[in-house]
file start-v7.cif (mmCIF, C-alpha atoms)
data_protein
loop_
_atom_site.label_atom_id
_atom_site.label_comp_id
_atom_site.auth_asym_id
_atom_site.auth_seq_id
_atom_site.Cartn_x
_atom_site.Cartn_y
_atom_site.Cartn_z
CA MET A 1 0.00 0.00 0.00
CA ASP A 2 1.55 3.31 -1.04
CA PHE A 3 0.99 6.71 0.57
CA SER A 4 -1.87 7.83 -1.69
CA GLN A 5 -3.80 4.57 -1.13
CA PHE A 6 -3.24 4.91 2.60
CA ILE A 7 -4.62 8.49 2.72
CA ASN A 8 -7.56 7.64 0.41
CA GLN A 9 -8.52 4.67 2.55
CA PHE A 10 -8.46 6.54 5.86
CA LEU A 11 -9.58 10.04 4.90
CA GLY A 12 -11.12 9.97 1.50
CA ARG A 13 -10.11 12.22 -1.40
CA GLU A 14 -12.66 14.97 -0.73
CA ILE A 15 -11.79 15.34 2.93
CA PHE A 16 -8.10 15.52 2.09
CA THR A 17 -8.76 18.24 -0.53
CA LEU A 18 -10.76 20.19 2.05
CA PHE A 19 -7.97 19.85 4.61
CA PHE A 20 -5.41 20.96 2.03
CA LYS A 21 -7.52 23.99 1.16
CA VAL A 22 -7.99 25.04 4.79
CA PHE A 23 -4.32 24.58 5.65
CA SER A 24 -3.16 26.42 2.52
CA VAL A 25 -5.39 29.44 3.32
CA VAL A 26 -4.29 29.51 6.98
CA PHE A 27 -0.58 29.21 6.15
CA SER A 28 -0.86 31.82 3.38
CA LEU A 29 -2.45 34.24 5.85
CA LEU A 30 0.28 33.57 8.39
CA TYR A 31 2.92 34.14 5.70
CA LEU A 32 1.29 37.43 4.72
CA ILE A 33 1.19 38.64 8.34
CA TYR A 34 4.82 37.60 8.83
CA SER A 35 5.92 39.44 5.66
CA LEU A 36 4.09 42.60 6.81
CA VAL A 37 5.90 42.46 10.17
CA ILE A 38 9.25 41.97 8.40
CA TYR A 39 8.50 44.91 6.08
CA LYS A 40 7.71 47.22 9.01
CA GLN A 41 10.82 46.03 10.85
CA THR A 42 12.95 46.54 7.72
CA GLN A 43 11.85 50.18 7.76
CA VAL A 44 13.00 50.46 11.40
CA MET A 45 16.30 48.78 10.52
CA THR A 46 17.04 50.96 7.50
CA ARG A 47 16.24 54.05 9.60
CA THR A 48 18.71 52.85 12.25
CA LEU A 49 21.47 52.21 9.72
CA GLU A 50 21.26 53.98 6.37
CA SER A 51 23.37 52.61 3.55
CA GLN A 52 23.41 52.61 -0.24
CA GLU A 53 21.50 49.31 -0.22
CA THR A 54 18.52 50.74 1.74
CA THR A 55 16.21 51.01 -1.30
CA LEU A 56 17.07 47.49 -2.48
CA ILE A 57 16.45 46.00 0.98
CA GLN A 58 13.05 47.70 1.29
CA LEU A 59 12.18 46.54 -2.24
CA ILE A 60 12.97 42.90 -1.41
CA SER A 61 10.82 43.13 1.75
CA LEU A 62 8.02 44.55 -0.39
CA ILE A 63 8.41 41.64 -2.84
CA GLN A 64 7.91 39.30 0.14
CA ILE A 65 4.52 40.93 0.80
CA ILE A 66 3.61 40.46 -2.88
CA ILE A 67 4.59 36.78 -2.59
CA GLY A 68 2.33 36.53 0.50
CA LEU A 69 -0.57 38.06 -1.41
CA ALA A 70 0.06 35.74 -4.37
CA LEU A 71 0.06 32.73 -2.01
CA LEU A 72 -3.27 33.83 -0.55
CA PHE A 73 -4.70 34.36 -4.03
CA VAL A 74 -3.57 30.89 -5.18
CA SER A 75 -4.84 29.19 -2.01
CA LEU A 76 -8.27 30.87 -2.21
CA LEU A 77 -8.94 30.65 -5.93
CA ILE A 78 -6.86 27.88 -7.46
CA VAL A 79 -6.22 25.12 -4.88
CA MET B 1 43.37 57.24 12.05
CA HIS B 2 43.19 59.62 9.10
CA ASN B 3 45.50 57.35 7.08
CA LEU B 4 42.83 54.60 6.87
CA LYS B 5 41.50 54.21 3.33
CA SER B 6 37.84 53.54 2.61
CA SER B 7 37.26 49.83 1.89
CA HIS B 8 34.61 47.10 2.15
CA SER B 9 36.26 43.76 2.68
CA LEU B 10 34.86 40.29 3.47
CA PHE B 11 31.37 40.83 2.03
CA HIS B 12 30.90 44.14 3.83
CA SER B 13 31.70 42.66 7.23
CA PHE B 14 34.75 44.88 7.75
CA CYS B 15 34.04 48.34 6.30
CA ILE B 16 36.52 51.13 6.81
CA LYS B 17 35.03 54.63 6.49
CA PRO B 18 31.88 53.39 4.67
CA ASN B 19 29.23 55.64 3.22
CA TYR B 20 26.76 54.81 6.01
CA ARG B 21 24.72 56.93 8.39
CA PHE B 22 23.11 55.85 11.65
CA GLU B 23 20.12 57.17 13.56
CA THR B 24 21.92 58.94 16.43
CA GLN B 25 24.89 60.22 14.44
CA HIS B 26 26.09 63.71 15.44
CA ALA B 27 26.72 66.45 12.90
CA ASN B 28 30.52 66.19 12.87
CA GLU B 29 30.76 62.53 13.81
CA GLN B 30 32.64 60.40 11.32
CA ILE B 31 32.24 56.63 10.99
CA ILE B 32 35.65 54.93 11.09
CA LEU B 33 34.65 51.28 11.11
CA VAL B 34 31.49 49.21 10.61
CA LEU B 35 31.68 45.57 11.68
CA ARG B 36 29.45 42.58 11.04
CA ALA B 37 29.85 38.89 11.81
CA HIS B 38 32.38 37.14 9.57
CA PRO B 39 30.62 35.63 6.50
CA ILE B 40 31.92 32.15 7.37
CA THR B 41 29.83 32.24 10.59
CA GLN B 42 26.73 32.55 8.39
CA LEU B 43 27.44 29.22 6.71
CA PRO B 44 24.93 27.15 8.83
CA TRP B 45 21.84 28.98 7.56
CA ILE B 46 23.18 29.01 3.99
CA ILE B 47 23.65 25.22 4.15
CA ASN B 48 20.19 24.85 5.76
CA SER B 49 18.64 26.77 2.85
CA ILE B 50 20.30 24.48 0.31
CA VAL B 51 19.17 21.40 2.27
CA LEU B 52 15.59 22.75 2.42
CA PHE B 53 15.66 23.27 -1.34
CA VAL B 54 16.89 19.71 -1.93
CA VAL B 55 14.18 18.38 0.44
CA LEU B 56 11.56 20.32 -1.53
CA ILE B 57 12.72 18.70 -4.79
CA PHE B 58 12.75 15.28 -3.12
CA LEU B 59 9.18 15.76 -1.78
CA ASN B 60 8.04 16.49 -5.32
CA PHE B 61 9.02 12.98 -6.36
CA VAL B 62 7.36 11.41 -3.30
CA PHE B 63 3.99 13.21 -3.61
CA PHE B 64 3.89 13.69 -7.39
CA ASN B 65 1.28 10.94 -8.00
CA PHE B 66 -0.76 11.79 -4.94
CA LEU B 67 -1.45 15.54 -5.17
CA LEU B 68 -3.56 17.29 -7.78
CA PRO B 69 -1.66 19.65 -10.16
CA ALA B 70 -3.02 22.75 -8.39
CA GLN B 71 -2.04 21.34 -5.00
CA THR B 72 1.44 20.48 -6.28
CA PHE B 73 1.80 24.01 -7.61
CA PHE B 74 0.74 25.55 -4.30
CA ALA B 75 2.96 23.23 -2.22
CA ASN B 76 5.99 24.14 -4.35
CA PHE B 77 5.14 27.84 -4.31
CA PHE B 78 4.73 27.81 -0.54
CA GLY B 79 7.95 25.79 -0.09
CA LEU B 80 9.94 28.26 -2.18
CA ALA B 81 8.34 31.23 -0.37
CA PHE B 82 9.25 29.64 2.97
CA ILE B 83 12.90 29.14 1.90
CA PHE B 84 13.01 32.73 0.63
CA ALA B 85 11.61 34.02 3.95
CA TYR B 86 14.18 31.95 5.87
CA ILE B 87 17.07 33.33 3.77
CA TRP B 88 15.80 36.92 3.99
CA PHE B 89 15.29 36.74 7.76
CA ASN B 90 18.84 35.49 8.31
CA PHE B 91 20.30 38.01 5.89
CA LEU B 92 18.56 40.91 7.69
CA SER B 93 19.79 39.58 11.04
CA TRP B 94 23.35 39.55 9.72
CA PHE B 95 23.24 42.84 7.82
CA PHE B 96 21.76 44.99 10.60
CA ASN B 97 23.57 43.52 13.61
CA VAL B 98 26.52 45.87 13.40
CA GLY B 99 29.22 47.38 15.51
CA ILE B 100 30.08 50.98 14.66
CA ILE B 101 33.24 52.77 15.68
CA THR B 102 33.25 56.51 15.11
CA ASN B 103 35.71 59.23 16.02
CA GLU B 104 33.57 59.93 19.15
CA ARG B 105 31.84 56.70 20.21
CA ILE B 106 31.53 52.93 19.96
CA ILE B 107 28.01 51.74 19.12
CA ASP B 108 26.63 48.22 19.11
CA ILE B 109 23.33 47.75 17.23
CA ASP B 110 21.57 44.42 17.79
CA PHE B 111 18.29 43.18 16.36
CA HIS B 112 17.43 39.98 18.21
CA ALA B 113 15.23 37.78 16.00
CA VAL B 114 14.82 40.86 13.77
CA ILE B 115 11.99 42.32 15.89
CA TYR B 116 13.84 43.29 19.12
CA LYS B 117 16.13 46.29 18.83
CA GLU B 118 18.98 47.04 21.21
CA VAL B 119 21.45 49.90 20.79
CA THR B 120 24.40 50.17 23.17
CA GLU B 121 26.90 52.99 22.96
CA THR B 122 29.79 54.43 24.88
CA GLN B 123 32.05 57.44 24.51
CA LEU B 124 35.64 56.64 23.50
CA SER B 125 36.83 58.65 26.52
CA LYS B 126 35.07 56.15 28.82
CA VAL B 127 36.76 53.08 27.35
CA GLU B 128 39.06 51.45 29.87
CA ASP B 129 40.12 48.25 28.24
CA VAL B 130 39.76 46.49 24.87
CA THR B 131 40.18 42.73 24.63
CA ALA B 132 40.25 40.57 21.50
CA LYS B 133 39.54 36.87 21.87
CA SER B 134 39.88 34.34 19.12
CA GLY B 135 39.80 30.61 19.56
CA GLY B 136 38.93 27.47 17.67
CA PHE B 137 39.72 25.82 14.38
CA PHE B 138 37.63 28.02 12.03
CA ALA B 139 38.37 31.23 13.97
CA SER B 140 42.10 30.66 13.51
CA ILE B 141 41.84 29.80 9.83
CA PHE B 142 39.48 32.62 8.86
CA ASN B 143 40.78 35.16 11.39
CA PHE B 144 37.62 36.09 13.27
CA GLY B 145 36.82 36.42 16.97
CA ASN B 146 35.20 38.48 19.71
CA VAL B 147 36.11 41.97 20.88
CA PHE B 148 35.15 43.11 24.38
CA VAL B 149 35.17 46.81 25.21
CA GLN B 150 35.19 47.48 28.95
CA THR B 151 33.97 50.87 30.07
CA ALA B 152 34.45 52.93 33.22
CA GLY B 153 31.99 52.85 36.15
CA THR B 154 28.45 51.68 35.60
CA GLU B 155 28.53 52.17 31.83
CA ILE B 156 27.51 49.03 29.98
CA ASN B 157 30.27 46.99 28.33
CA ILE B 158 30.20 46.49 24.58
CA GLU B 159 30.77 43.14 22.92
CA PHE B 160 31.26 42.37 19.24
CA TYR B 161 30.92 38.69 18.40
CA ASN B 162 32.54 36.77 15.51
CA ILE B 163 33.89 39.86 13.81
CA PRO B 164 36.74 39.65 11.29
CA LYS B 165 40.27 40.76 12.18
CA PRO B 166 39.73 41.24 15.97
CA ALA B 167 43.35 42.23 16.54
CA GLU B 168 43.11 44.98 13.95
CA VAL B 169 39.84 46.23 15.46
CA THR B 170 41.49 46.42 18.90
CA LYS B 171 44.40 48.34 17.38
CA ILE B 172 42.04 50.83 15.71
CA ILE B 173 39.99 51.38 18.91
CA ASN B 174 43.16 51.86 20.97
CA SER B 175 44.48 54.43 18.51
CA LEU B 176 41.19 56.36 18.77
CA ILE B 177 41.08 56.47 22.58
CA PRO B 178 42.14 59.98 23.69
#

call {"tool": "encode", "arguments": {"input": "start-v7.cif", "output": "structure tokens"}}
result
Amino acid sequence: MDFSQFINQFLGREIFTLFFKVFSVVFSLLYLIYSLVIYKQTQVMTRTLESQETTLIQLISLIQIIIGLALLFVSLLIV
Amino acid sequence: MHNLKSSHSLFHSFCIKPNYRFETQHANEQIILVLRAHPITQLPWIINSIVLFVVLIFLNFVFFNFLLPAQTFFANFFGLAFIFAYIWFNFLSWFFNVGIITNERIIDIDFHAVIYKEVTETQLSKVEDVTAKSGGFFASIFNFGNVFVQTAGTEINIEFYNIPKPAEVTKIINSLIP
């Protein structure tokens, strides 16, 4: 018995899909909150120490928020 | 210390007279040295990131027949986002945990787990003793160690951990003490 047969036998395909959906939405939300905290903290950090890389660092933190939003979008509409 | 030339060696972990500014910098205060942990001390999280990436690829083979295409896409997307977040978190921790030596003060900026900020500073005139400690196999090979700055009275002591060229840092601080 392989892994997929094992899960299908004990949970059923539909229940597993539902679980996957719920977990993906929850984890995407957590990721988005985390990326927002990191973005705010990056602003504090770049204010504490200003360097030539400040803009790049803030941009990368902003990209992390976009990734969080994309994850939420995928988990809500595609999965 | 005016003979020191501006340089950024060891992946910006030992910057002499860099083009940086910090929050509490005075009008005529000049940054002499900015120190970060030696890049070799960052190797554990770099290796962890590579291992996580390999694990993600391996999991794709294990669950390929089990998950639906949309679920596989999401799992991979989330896995990559997680690895990216892990790398970025560790990079920020390294980049902003700095020791700054100016012509007036010694400042230690620490961000514990990124979200807790701690700034310690002391005037150069209050420095009593500077100690460089370096021990261990990697520390000897890559020339990194700890520098402890002891201050007079109840002033808090300043400690720089795993910084490159500790002996040179001690020499620079000693030459700045009035």

call {"tool": "resolve_selection", "arguments": {"input": "start-v7.cif", "expression": "the PyMOL selection byres ((chain B) within 7 of (chain A))", "output": "count of residues only"}}
result
12

call {"tool": "atom_distance", "arguments": {"input": "start-v7.cif", "atom1": "CA of Phe11 in chain B", "atom2": "CA of Ile87 in chain B"}}
result
16.2 Å

call {"tool": "residues_around", "arguments": {"input": "start-v7.cif", "residues": "Gln123 in chain B", "least_positions_apart": "6", "cutoff": "9 Å", "atoms": "all atoms listed in the file", "output": "PyMOL selection string"}}
result
chain B and resi 104-107+151

call {"tool": "residues_around", "arguments": {"input": "start-v7.cif", "residues": "Glu155 in chain B", "least_positions_apart": "3", "cutoff": "12 Å", "atoms": "all atoms listed in the file", "output": "number ranges by chain"}}
result
B: 120-128, 149-152, 158

call {"tool": "atom_distance", "arguments": {"input": "start-v7.cif", "atom1": "CA of Lys171 in chain B", "atom2": "CA of Thr131 in chain B"}}
result
10.1 Å

call {"tool": "resolve_selection", "arguments": {"input": "start-v7.cif", "expression": "the PyMOL selection byres ((chain B and resi 174) around 10)", "output": "list in words"}}
result
Leu124, Val127, Glu128, Asp129, Val130, Glu168, Val169, Thr170, Lys171, Ile172, Ile173, Ser175, Leu176, Ile177 and Pro178 of chain B

call {"tool": "write_last_selection", "arguments": {"input": "start-v7.cif", "atoms": "C-alpha atoms", "output": "PDB file, in the frame of the given file"}}
result
ATOM      1  CA  LEU B 124      35.640  56.640  23.500  1.00  0.00           C
ATOM      2  CA  VAL B 127      36.760  53.080  27.350  1.00  0.00           C
ATOM      3  CA  GLU B 128      39.060  51.450  29.870  1.00  0.00           C
ATOM      4  CA  ASP B 129      40.120  48.250  28.240  1.00  0.00           C
ATOM      5  CA  VAL B 130      39.760  46.490  24.870  1.00  0.00           C
ATOM      6  CA  GLU B 168      43.110  44.980  13.950  1.00  0.00           C
ATOM      7  CA  VAL B 169      39.840  46.230  15.460  1.00  0.00           C
ATOM      8  CA  THR B 170      41.490  46.420  18.900  1.00  0.00           C
ATOM      9  CA  LYS B 171      44.400  48.340  17.380  1.00  0.00           C
ATOM     10  CA  ILE B 172      42.040  50.830  15.710  1.00  0.00           C
ATOM     11  CA  ILE B 173      39.990  51.380  18.910  1.00  0.00           C
ATOM     12  CA  SER B 175      44.480  54.430  18.510  1.00  0.00           C
ATOM     13  CA  LEU B 176      41.190  56.360  18.770  1.00  0.00           C
ATOM     14  CA  ILE B 177      41.080  56.470  22.580  1.00  0.00           C
ATOM     15  CA  PRO B 178      42.140  59.980  23.690  1.00  0.00           C
TER      16      PRO B 178
END

call {"tool": "resolve_selection", "arguments": {"input": "start-v7.cif", "expression": "the PyMOL selection byres ((chain B and resi 2-9) around 12)", "output": "ChimeraX atom specification"}}
result
/B:1,10-20,30-36,38-39,103,164-165,168,172,175-176

call {"tool": "closest_residue", "arguments": {"input": "start-v7.cif", "among": "B:Ile100, B:Ala75, B:Ala85, B:Ala27", "to": "Leu36 in chain A", "atoms": "only C-alpha atoms"}}
result
B:Ala85

call {"tool": "residues_around", "arguments": {"input": "start-v7.cif", "residues": "Gly79 in chain B", "least_positions_apart": "4", "cutoff": "10 Å", "atoms": "only C-alpha atoms", "output": "PDB file with C-alpha atoms, in the coordinates of the input"}}
result
ATOM      1  CA  LEU B  52      15.590  22.750   2.420  1.00  0.00           C
ATOM      2  CA  PHE B  53      15.660  23.270  -1.340  1.00  0.00           C
ATOM      3  CA  VAL B  55      14.180  18.380   0.440  1.00  0.00           C
ATOM      4  CA  LEU B  56      11.560  20.320  -1.530  1.00  0.00           C
ATOM      5  CA  ILE B  57      12.720  18.700  -4.790  1.00  0.00           C
ATOM      6  CA  PHE B  73       1.800  24.010  -7.610  1.00  0.00           C
ATOM      7  CA  PHE B  74       0.740  25.550  -4.300  1.00  0.00           C
ATOM      8  CA  ALA B  75       2.960  23.230  -2.220  1.00  0.00           C
ATOM      9  CA  ILE B  83      12.900  29.140   1.900  1.00  0.00           C
ATOM     10  CA  PHE B  84      13.010  32.730   0.630  1.00  0.00           C
ATOM     11  CA  ALA B  85      11.610  34.020   3.950  1.00  0.00           C
TER      12      ALA B  85
END

call {"tool": "residues_near_point", "arguments": {"input": "start-v7.cif", "point": "(24.2, 44.6, 16.3)", "cutoff": "6 Å", "atoms": "all atoms listed in the file", "output": "ChimeraX atom specification"}}
result
/B:97-99,108-110

call {"tool": "atom_distance", "arguments": {"input": "start-v7.cif", "atom1": "CA of Glu118 in chain B", "atom2": "CA of Phe148 in chain B"}}
result
16.9 Å

call {"tool": "closest_residue", "arguments": {"input": "start-v7.cif", "among": "A:Leu59, A:Val25, A:Leu30, A:Gln43", "to": "Phe73 in chain A", "atoms": "all atoms listed in the file"}}
result
A:Val25
